[in-house]
Every structure is written in C-alpha cells, then in structure tokens.
Number of protein chains: 2
Amino acid sequence: MLIIGEKINSSIASVAGAIERQDKEFIQGLAVAQAKAGADVIDVNAGAFLEREGELLPWLVEIVQEAVALPLCIDSPSPQALQRALAVCRRKAIVNSISLERDRYESILPLVKASGAAVMALCMDDRGIPATAAERLAVARRLVGRLSDDGLKPADIYVDVMAQPIGTDGQAGRVALDTVAAVRSALPGVHISCGLSNVSFGLPRRRLLNQAFAVAMATAGMDTMFIDPLDERMMALLSAAKALLGVDEYCGGYLGAYRAGRLG
Amino acid sequence: MLIIGEKINSSIASVAGAIERQDKEFIQGLAVAQAKAGADVIDVNAGAFLEREGELLPWLVEIVQEAVALPLCIDSPSPQALQRALAVCRRKAIVNSISLERDRYESILPLVKASGAAVMALCMDDRGIPATAAERLAVARRLVGRLSDDGLKPADIYVDVMAQPIGTDGQAGRVALDTVAAVRSALPGVHISCGLSNVSFGLPRRRLLNQAFAVAMATAGMDTMFIDPLDERMMALLSAAKALLGVDEYCGGYLGAYRAGRLG
C-alpha cells in the first residue's frame, strides 16, 4: 500500500499563504511531517496560482526534495507547469494527471515519456466522468491500453477511479468501490488510486467518512492512498486494514506501529 | 445493516459476576445501554456456567425482554438451555447457532423449527472450520441447502463465516472477507454475519482492528454486525460505511447520527 501525502496543496488556505510568501520552512515542515507520519510519496500542487504556477510548482519541487528523500507526485493540469517542475525533479515522479480527454492526453503524455515518470490516469474522457462502474472500467481499459501502446508499463500507471461526493449522489461511494473492484479484476498489473476525500465533500465529520472510505477502498482493491498522513486515526486504521487484508506478514507492520505509539 | 449487541456474554468477567449473583439491574442496564446505542438485537449468553446454563439462560431472556423491546439472539451450544430459553422468549429469536456438525444440526434444528426462530448457521462441519473461502462457501451451500429443505426461509438464515484470529494466521482476515464476498454472490437471499472480534484475538488495540474489520466486512457484503454497540467509534464508522456503501438514502442516517452527537 502506497501512501501519497496530500497536504502540500494550494487549495488549502494556509498552504497557499505559505507558497505566496515563499515560506520555505513551512512547506518543508509539511513535507517532513508527512514523511515522518508514514507517507511514501509527497504530492505538490500550486494550481491555485494559475499563471504563476509555472514558477511556483518547480519551486515547490526543489524545496520539498531538499527536505525529504521521497519521490514526488507532481499535481497540475498545466503542461507548462509540469514541464518546468519535472525538469528540476531529481527522483522518478508520478505525474498527476492524464486522462482520455484528447488535449490533455496529447499534451501530458510527451512529458511523462520524456521524464520517465509514472502517471495518474483519470477515468474520464471528453464526455466527462462516466456515471457507472462499468463505464468507468471501459474508460480505464482504453486509457491503460493507450498508455501501454505508448510505452508505459502497467506498474507505472495509477488508475484514478474518480470518487465523487456522496452528499450529492448517494451511490457515488458504491460506484467508486465497484470501479476499484472491476479495475482490480480486469487490469491486474496497474495501481489504483483516487482523491479519497472528494467523497465526503459537503458533509459533516469529513475525516470519519474519509477514514471509513479508505478502509472500504483498500478492501475493494485500491493500493494507493491519496490521504492526509497527519490524520493519526486514518493511519492507524490503514495499518489495521493491511493486517486484516493479509498484506502485512505476521502483522509486523501493525505491531511495529503499536510499539511506536502510532495506533492511538 | 443489523446490529447485534454482544455485551451480555458470560465470557466477560463483569457480566459473569452479574449473572452469578443474579444482578438483574446490571444486566438490564447493559441491555438498555446497547439499545440506546443503536443495537437492533441483543445477544444473551450464559455458556460459562455449564450445568447451570439451563437455568440462567432463560433468566437472562426474561429480564432482558422485560427491559428492552428488541428481539434476542440466544447464544448457546446446549439444546437443553436453548429449549428452556426459547420457551420463555416472547419475540422471534435468532438461535445462535447451528452448523453442519451432525449432532449439533440434529439437536438444534427441531428447536429452531418449533419456535419459529431464525438461526445463525456456522460455516463448519464435523471436520472443523475449512481453511479456504472456497471450502467455507461449499459448507455454507450445503448448510443453507439443508436448512431450506427443512423449511427455513433464506431471510431467516444468518451465515457465520467464522472469522479466525489474524495473530495466529495472517490470512485469516482475507479468508473471512473472501468468504463473505463468495456467500453474498452465491447465496443472495441469506444474511451474513460473524463473531467479528475473534479476528483481533491476541493482538494489541483490538478495538481498532475490530473497527477496521467491521468496515471491511461491510464492504465485502456482510450485513449483520455482531459487535459492541457501546464502542462509539465503531458505531460512527459503521454509520459512515452505510452512507459510503449506498445503503443510507440521502445520507439520512449519517446526518441524523451527526445531529444526535453520535459521530464523535
């Protein structure tokens, strides 16, 4: 199970403020805290800055990799910003993200190829996000097929099943879970991820919903957790989930987390 | 999702003490507290008293149904104790439990039939508990088939998938989850349950493991939760899980629990 720390994101006001004033210490502190809490990959996003993103995203990459020895997930819809960020990235990155949208595919793919990065592959095309798990699987099959034809290995593809808010569509969680199970069964070599916290948008006690959803999605077969690793309860539940799902030999990770005082 | 409150069990020392001294107030307090916390069914067990069980189990039934207007799950391996308990039970009960063990089946079935009760059906036979999900499904098929031939409706059968401790077998959680998914797919009309807390036996932070396992098992298709409803975090996670699994229309149950202050 791969943990991607989601905290360095310009959609969070305190982070946007720190990026704005180039507060290196604040950003690096978030990177180190996430690494200490168990993140395997650190996501960086400066999307809120629009035309300044091309300058701020590579700055984030440089200061984060100065602070932690972890790979980065470079999060932008902008080919220009991605290109500049990838140019300064020292480790193999995950580009976040590509999709079957024609313009996006054609502008992002060359950057992924040229940098040797892995890629988040969103289950959507020019018609948007499909409503059903079967349709999302169909998009995932086409997208993974195309990426494979273009030379990416399945292990470098992270299929994002596009979790939507249950507050506006009561079946949104079910559809995401069913998509995970379908992709896991049909495309066994790829990783599966999603922006987990979308599911709780607009509802109270979002952390509780995100925690339950993480355990449910892991049970369905999702292996890449895009989460806040500073949420101790989340990390404890995922440690328990790994032991329960049989992917933590002799419960060694769980017992280690217990001894380290990480299970609450 | 049906919540069976597991607290009135003579394997818990404080409960055994209360049964021993016929402390009606203590037992009734546990029944009321579980009902208030959201239990749909109250389990009663006096199995630790061996030869006195035939007298103490019906006493538990009488005092619990005096305190709460809920159905009971009557938990005993003894046909004699079950018979006496069922004789004083005023609502339709769940008999806990029958299995494909020959003596057990033949001694318990007539009691279930005569009382019109539902029944917990354990995935085991005279050879014990099968190691794999496929074998447990095979036992479940034979047991449900036999119970159906003997006149029980699928809706009155609660298949218990027999969760075993992950502390002694790292794949025990995985096997239980896979059995749930297999039974849900092959025998759609029956309920699915298990003694959830077995899974964490011998490990630290058992509640955390039980909470994660409950969410995982619900995701796999288990609909009957044999749990401690006084574990507020467990109940909050299950409320979240129902909303996420699409079985809580408009998140009404979740929002109601939030307004009632039950989500922590």
# chains A, B, ... in the order shown; residues from 1 in each chain; ligands from 1

$ residues_around --residues "Ala37 in chain A" --least-positions-apart "3" --cutoff "7 Å" --atoms "only C-alpha atoms" --output "MDAnalysis selection string"
chainID A and resid 33:34 229:230

$ write_last_selection --atoms "C-alpha atoms" --output "PDB file, in the first residue's frame"
ATOM      1  CA  ALA A  33       5.913  15.829   8.986  1.00  0.00           C
ATOM      2  CA  GLN A  34       4.207  13.760   6.284  1.00  0.00           C
ATOM      3  CA  PRO A 229      -0.926  11.153   6.681  1.00  0.00           C
ATOM      4  CA  LEU A 230      -1.072  13.562   9.643  1.00  0.00           C
TER       5      LEU A 230
END

$ interface_residues --of "chain A" --to "chain B" --cutoff "6 Å" --atoms "only C-alpha atoms" --output "MDAnalysis selection string"
chainID A and resid 170:171 173:174 209 212 216 219 237 240:241 244:246 250

$ write_last_selection --atoms "all heavy atoms" --output "mmCIF file, in the first residue's frame"
data_model
loop_
_atom_site.group_PDB
_atom_site.id
_atom_site.type_symbol
_atom_site.label_atom_id
_atom_site.label_comp_id
_atom_site.auth_asym_id
_atom_site.auth_seq_id
_atom_site.Cartn_x
_atom_site.Cartn_y
_atom_site.Cartn_z
ATOM 1 N N GLY A 170 -25.970 9.727 -3.647
ATOM 2 C CA GLY A 170 -25.877 8.697 -2.613
ATOM 3 C C GLY A 170 -25.177 7.424 -3.081
ATOM 4 O O GLY A 170 -24.714 6.623 -2.268
ATOM 5 N N GLN A 171 -25.104 7.199 -4.402
ATOM 6 C CA GLN A 171 -24.455 5.985 -4.913
ATOM 7 C C GLN A 171 -22.990 6.231 -5.300
ATOM 8 O O GLN A 171 -22.328 5.328 -5.825
ATOM 9 C CB GLN A 171 -25.234 5.429 -6.113
ATOM 10 C CG GLN A 171 -26.614 4.883 -5.727
ATOM 11 C CD GLN A 171 -26.534 3.833 -4.616
ATOM 12 O OE1 GLN A 171 -25.808 2.856 -4.704
ATOM 13 N NE2 GLN A 171 -27.275 4.070 -3.532
ATOM 14 N N GLY A 173 -20.219 6.596 -3.614
ATOM 15 C CA GLY A 173 -19.246 5.746 -2.934
ATOM 16 C C GLY A 173 -19.284 4.327 -3.501
ATOM 17 O O GLY A 173 -18.247 3.725 -3.794
ATOM 18 N N ARG A 174 -20.506 3.835 -3.661
ATOM 19 C CA ARG A 174 -20.719 2.489 -4.223
ATOM 20 C C ARG A 174 -20.079 2.377 -5.611
ATOM 21 O O ARG A 174 -19.424 1.383 -5.920
ATOM 22 C CB ARG A 174 -22.237 2.268 -4.292
ATOM 23 C CG ARG A 174 -22.715 0.925 -4.760
ATOM 24 C CD ARG A 174 -22.616 -0.136 -3.688
ATOM 25 N NE ARG A 174 -21.387 -0.858 -3.801
ATOM 26 C CZ ARG A 174 -20.938 -1.715 -2.878
ATOM 27 N NH1 ARG A 174 -21.604 -1.899 -1.759
ATOM 28 N NH2 ARG A 174 -19.826 -2.355 -3.059
ATOM 29 N N LEU A 209 -15.692 10.011 7.554
ATOM 30 C CA LEU A 209 -16.071 9.430 6.257
ATOM 31 C C LEU A 209 -14.830 9.023 5.464
ATOM 32 O O LEU A 209 -14.790 7.943 4.865
ATOM 33 C CB LEU A 209 -16.908 10.430 5.449
ATOM 34 C CG LEU A 209 -18.367 10.572 5.901
ATOM 35 C CD1 LEU A 209 -18.984 11.838 5.315
ATOM 36 C CD2 LEU A 209 -19.202 9.358 5.500
ATOM 37 N N ALA A 212 -13.387 5.753 6.957
ATOM 38 C CA ALA A 212 -14.165 4.558 6.592
ATOM 39 C C ALA A 212 -13.996 4.252 5.103
ATOM 40 O O ALA A 212 -13.872 3.084 4.709
ATOM 41 C CB ALA A 212 -15.646 4.770 6.924
ATOM 42 N N ALA A 216 -12.651 0.879 3.244
ATOM 43 C CA ALA A 216 -13.516 0.220 2.261
ATOM 44 C C ALA A 216 -12.817 0.105 0.906
ATOM 45 O O ALA A 216 -12.845 -0.955 0.267
ATOM 46 C CB ALA A 216 -14.832 0.996 2.118
ATOM 47 N N THR A 219 -10.177 -2.481 0.933
ATOM 48 C CA THR A 219 -10.813 -3.806 0.879
ATOM 49 C C THR A 219 -11.210 -4.157 -0.555
ATOM 50 O O THR A 219 -11.059 -5.295 -1.000
ATOM 51 C CB THR A 219 -12.065 -3.823 1.783
ATOM 52 O OG1 THR A 219 -11.687 -3.445 3.106
ATOM 53 C CG2 THR A 219 -12.704 -5.205 1.815
ATOM 54 N N LEU A 237 -5.981 3.142 11.222
ATOM 55 C CA LEU A 237 -6.970 2.266 10.569
ATOM 56 C C LEU A 237 -6.364 1.575 9.349
ATOM 57 O O LEU A 237 -6.632 0.399 9.094
ATOM 58 C CB LEU A 237 -8.214 3.067 10.164
ATOM 59 C CG LEU A 237 -9.192 3.379 11.304
ATOM 60 C CD1 LEU A 237 -10.190 4.454 10.874
ATOM 61 C CD2 LEU A 237 -9.952 2.115 11.738
ATOM 62 N N ALA A 240 -4.226 -1.220 10.519
ATOM 63 C CA ALA A 240 -5.103 -2.347 10.864
ATOM 64 C C ALA A 240 -5.621 -3.024 9.594
ATOM 65 O O ALA A 240 -5.647 -4.259 9.495
ATOM 66 C CB ALA A 240 -6.266 -1.856 11.725
ATOM 67 N N ALA A 241 -6.009 -2.211 8.613
ATOM 68 C CA ALA A 241 -6.568 -2.781 7.370
ATOM 69 C C ALA A 241 -5.546 -3.667 6.671
ATOM 70 O O ALA A 241 -5.877 -4.755 6.186
ATOM 71 C CB ALA A 241 -7.039 -1.659 6.444
ATOM 72 N N LEU A 244 -5.440 -6.930 8.345
ATOM 73 C CA LEU A 244 -6.679 -7.689 8.117
ATOM 74 C C LEU A 244 -6.781 -8.209 6.687
ATOM 75 O O LEU A 244 -7.391 -9.247 6.433
ATOM 76 C CB LEU A 244 -7.888 -6.800 8.436
ATOM 77 C CG LEU A 244 -8.021 -6.437 9.922
ATOM 78 C CD1 LEU A 244 -8.942 -5.241 10.104
ATOM 79 C CD2 LEU A 244 -8.524 -7.638 10.725
ATOM 80 N N LEU A 245 -6.192 -7.468 5.743
ATOM 81 C CA LEU A 245 -6.276 -7.859 4.331
ATOM 82 C C LEU A 245 -5.173 -8.845 3.953
ATOM 83 O O LEU A 245 -5.075 -9.257 2.796
ATOM 84 C CB LEU A 245 -6.197 -6.614 3.436
ATOM 85 C CG LEU A 245 -7.395 -5.661 3.538
ATOM 86 C CD1 LEU A 245 -7.119 -4.358 2.802
ATOM 87 C CD2 LEU A 245 -8.660 -6.315 2.982
ATOM 88 N N GLY A 246 -4.342 -9.208 4.924
ATOM 89 C CA GLY A 246 -3.319 -10.215 4.649
ATOM 90 C C GLY A 246 -2.136 -9.688 3.864
ATOM 91 O O GLY A 246 -1.442 -10.454 3.204
ATOM 92 N N TYR A 250 2.838 -11.565 9.293
ATOM 93 C CA TYR A 250 2.916 -11.735 10.747
ATOM 94 C C TYR A 250 2.468 -10.471 11.494
ATOM 95 O O TYR A 250 2.888 -10.230 12.622
ATOM 96 C CB TYR A 250 4.332 -12.132 11.187
ATOM 97 C CG TYR A 250 4.833 -13.390 10.508
ATOM 98 C CD1 TYR A 250 5.917 -13.358 9.642
ATOM 99 C CD2 TYR A 250 4.186 -14.608 10.712
ATOM 100 C CE1 TYR A 250 6.355 -14.515 9.011
ATOM 101 C CE2 TYR A 250 4.612 -15.761 10.079
ATOM 102 C CZ TYR A 250 5.700 -15.712 9.242
ATOM 103 O OH TYR A 250 6.135 -16.850 8.611
#

$ residues_around --residues "Glu20 in chain A" --least-positions-apart "3" --cutoff "9 Å" --atoms "only C-alpha atoms" --output "PyMOL selection string"
chain A and resi 15-17+23+49+56

$ closest_residue --among "A:Pro154, A:Gly128, A:Pro188, A:Gly116" --to "Ser99 in chain A" --atoms "only C-alpha atoms"
A:Gly128

$ atom_distance --atom1 "CA of Leu137 in chain A" --atom2 "CA of Thr179 in chain B"
24.9 Å

$ residues_around --residues "Val41 in chain B" --least-positions-apart "2" --cutoff "6 Å" --atoms "only C-alpha atoms" --output "list of chain:residue names"
B:Ile4, B:Ala39, B:Leu70, B:Pro71, B:Leu72

$ select_by_dssp --residues "range 45-263 of chain A" --states "strand (DSSP E)" --output "ChimeraX atom specification"
/A:45,72-75,94-98,118-122,157-160,191-193,224-227

$ write_last_selection --atoms "C-alpha atoms" --output "PDB file, in the first residue's frame"
ATOM      1  CA  ASN A  45       0.275  21.374  -6.045  1.00  0.00           C
ATOM      2  CA  LEU A  72       7.042  13.387  -5.550  1.00  0.00           C
ATOM      3  CA  CYS A  73       3.613  13.363  -7.118  1.00  0.00           C
ATOM      4  CA  ILE A  74       3.513  16.493  -9.294  1.00  0.00           C
ATOM      5  CA  ASP A  75      -0.026  17.719  -9.435  1.00  0.00           C
ATOM      6  CA  ILE A  94       4.244  10.491 -10.522  1.00  0.00           C
ATOM      7  CA  VAL A  95       2.641  12.982 -12.906  1.00  0.00           C
ATOM      8  CA  ASN A  96      -0.825  13.906 -11.640  1.00  0.00           C
ATOM      9  CA  SER A  97      -2.598  13.572 -14.078  1.00  0.00           C
ATOM     10  CA  ILE A  98      -3.508  12.369 -17.543  1.00  0.00           C
ATOM     11  CA  ALA A 118       4.752   7.258 -13.672  1.00  0.00           C
ATOM     12  CA  VAL A 119       1.293   8.766 -14.155  1.00  0.00           C
ATOM     13  CA  MET A 120      -2.113   9.140 -12.515  1.00  0.00           C
ATOM     14  CA  ALA A 121      -4.672   8.124 -15.131  1.00  0.00           C
ATOM     15  CA  LEU A 122      -8.132   9.576 -14.513  1.00  0.00           C
ATOM     16  CA  ILE A 157       0.066   3.609 -14.236  1.00  0.00           C
ATOM     17  CA  TYR A 158      -2.105   4.704 -11.293  1.00  0.00           C
ATOM     18  CA  VAL A 159      -5.766   4.445 -12.333  1.00  0.00           C
ATOM     19  CA  ASP A 160      -7.805   7.114 -10.514  1.00  0.00           C
ATOM     20  CA  HIS A 191      -2.092   0.577  -9.362  1.00  0.00           C
ATOM     21  CA  ILE A 192      -5.443   2.022  -8.265  1.00  0.00           C
ATOM     22  CA  SER A 193      -5.932   5.337  -6.510  1.00  0.00           C
ATOM     23  CA  THR A 224      -2.523   3.777  -3.469  1.00  0.00           C
ATOM     24  CA  MET A 225      -3.888   6.070  -0.777  1.00  0.00           C
ATOM     25  CA  PHE A 226      -4.026   9.754  -1.537  1.00  0.00           C
ATOM     26  CA  ILE A 227      -4.572  10.990   2.036  1.00  0.00           C
TER      27      ILE A 227
END

$ select_by_dssp --residues "range 60-237 of chain A" --states "alpha helix (DSSP H)" --output "ChimeraX atom specification"
/A:60-67,79-88,102-115,133-149,172-186,206-220,232-237

$ closest_residue --among "B:Leu187, B:Leu60, B:Ala31, B:Val68" --to "Ser10 in chain B" --atoms "only C-alpha atoms"
B:Leu60

$ atom_distance --atom1 "CA of Ala181 in chain B" --atom2 "CA of Cys123 in chain B"
14.0 Å

$ atom_distance --atom1 "CA of Val44 in chain B" --atom2 "CA of Gln164 in chain B"
21.6 Å

$ residues_around --residues "Ala87 in chain A" --least-positions-apart "4" --cutoff "10 Å" --atoms "only C-alpha atoms" --output "list in words"
Pro58, Val61, Ala81, Leu82, Gln83, Leu111, Ala114 and Ser115 of chain A

$ decode --residues "range 140-151 of chain A" --atoms "N, CA and C atoms" --output "PDB file, in the first residue's frame"
ATOM      1  N   ALA A 140     -11.124   3.202 -18.284  1.00  0.00           N
ATOM      2  CA  ALA A 140      -9.831   2.764 -17.734  1.00  0.00           C
ATOM      3  C   ALA A 140      -9.140   1.808 -18.699  1.00  0.00           C
ATOM      4  N   ARG A 141      -9.901   0.867 -19.272  1.00  0.00           N
ATOM      5  CA  ARG A 141      -9.321  -0.082 -20.235  1.00  0.00           C
ATOM      6  C   ARG A 141      -8.728   0.660 -21.436  1.00  0.00           C
ATOM      7  N   ARG A 142      -9.483   1.627 -21.974  1.00  0.00           N
ATOM      8  CA  ARG A 142      -8.999   2.350 -23.144  1.00  0.00           C
ATOM      9  C   ARG A 142      -7.768   3.178 -22.797  1.00  0.00           C
ATOM     10  N   LEU A 143      -7.823   3.842 -21.637  1.00  0.00           N
ATOM     11  CA  LEU A 143      -6.713   4.707 -21.233  1.00  0.00           C
ATOM     12  C   LEU A 143      -5.453   3.886 -20.945  1.00  0.00           C
ATOM     13  N   VAL A 144      -5.604   2.801 -20.199  1.00  0.00           N
ATOM     14  CA  VAL A 144      -4.447   1.953 -19.888  1.00  0.00           C
ATOM     15  C   VAL A 144      -3.914   1.315 -21.174  1.00  0.00           C
ATOM     16  N   GLY A 145      -4.817   0.920 -22.066  1.00  0.00           N
ATOM     17  CA  GLY A 145      -4.391   0.352 -23.351  1.00  0.00           C
ATOM     18  C   GLY A 145      -3.562   1.351 -24.145  1.00  0.00           C
ATOM     19  N   ARG A 146      -4.056   2.578 -24.188  1.00  0.00           N
ATOM     20  CA  ARG A 146      -3.351   3.594 -24.953  1.00  0.00           C
ATOM     21  C   ARG A 146      -1.996   3.924 -24.332  1.00  0.00           C
ATOM     22  N   LEU A 147      -1.973   4.050 -22.993  1.00  0.00           N
ATOM     23  CA  LEU A 147      -0.711   4.328 -22.315  1.00  0.00           C
ATOM     24  C   LEU A 147       0.284   3.177 -22.539  1.00  0.00           C
ATOM     25  N   SER A 148      -0.214   1.956 -22.531  1.00  0.00           N
ATOM     26  CA  SER A 148       0.663   0.801 -22.767  1.00  0.00           C
ATOM     27  C   SER A 148       1.199   0.837 -24.199  1.00  0.00           C
ATOM     28  N   ASP A 149       0.303   1.118 -25.147  1.00  0.00           N
ATOM     29  CA  ASP A 149       0.753   1.236 -26.540  1.00  0.00           C
ATOM     30  C   ASP A 149       1.819   2.324 -26.668  1.00  0.00           C
ATOM     31  N   ASP A 150       1.688   3.356 -25.842  1.00  0.00           N
ATOM     32  CA  ASP A 150       2.658   4.451 -25.902  1.00  0.00           C
ATOM     33  C   ASP A 150       3.887   4.179 -25.043  1.00  0.00           C
ATOM     34  N   GLY A 151       4.004   2.951 -24.519  1.00  0.00           N
ATOM     35  CA  GLY A 151       5.256   2.531 -23.915  1.00  0.00           C
ATOM     36  C   GLY A 151       5.308   2.539 -22.397  1.00  0.00           C
TER      37      GLY A 151
END
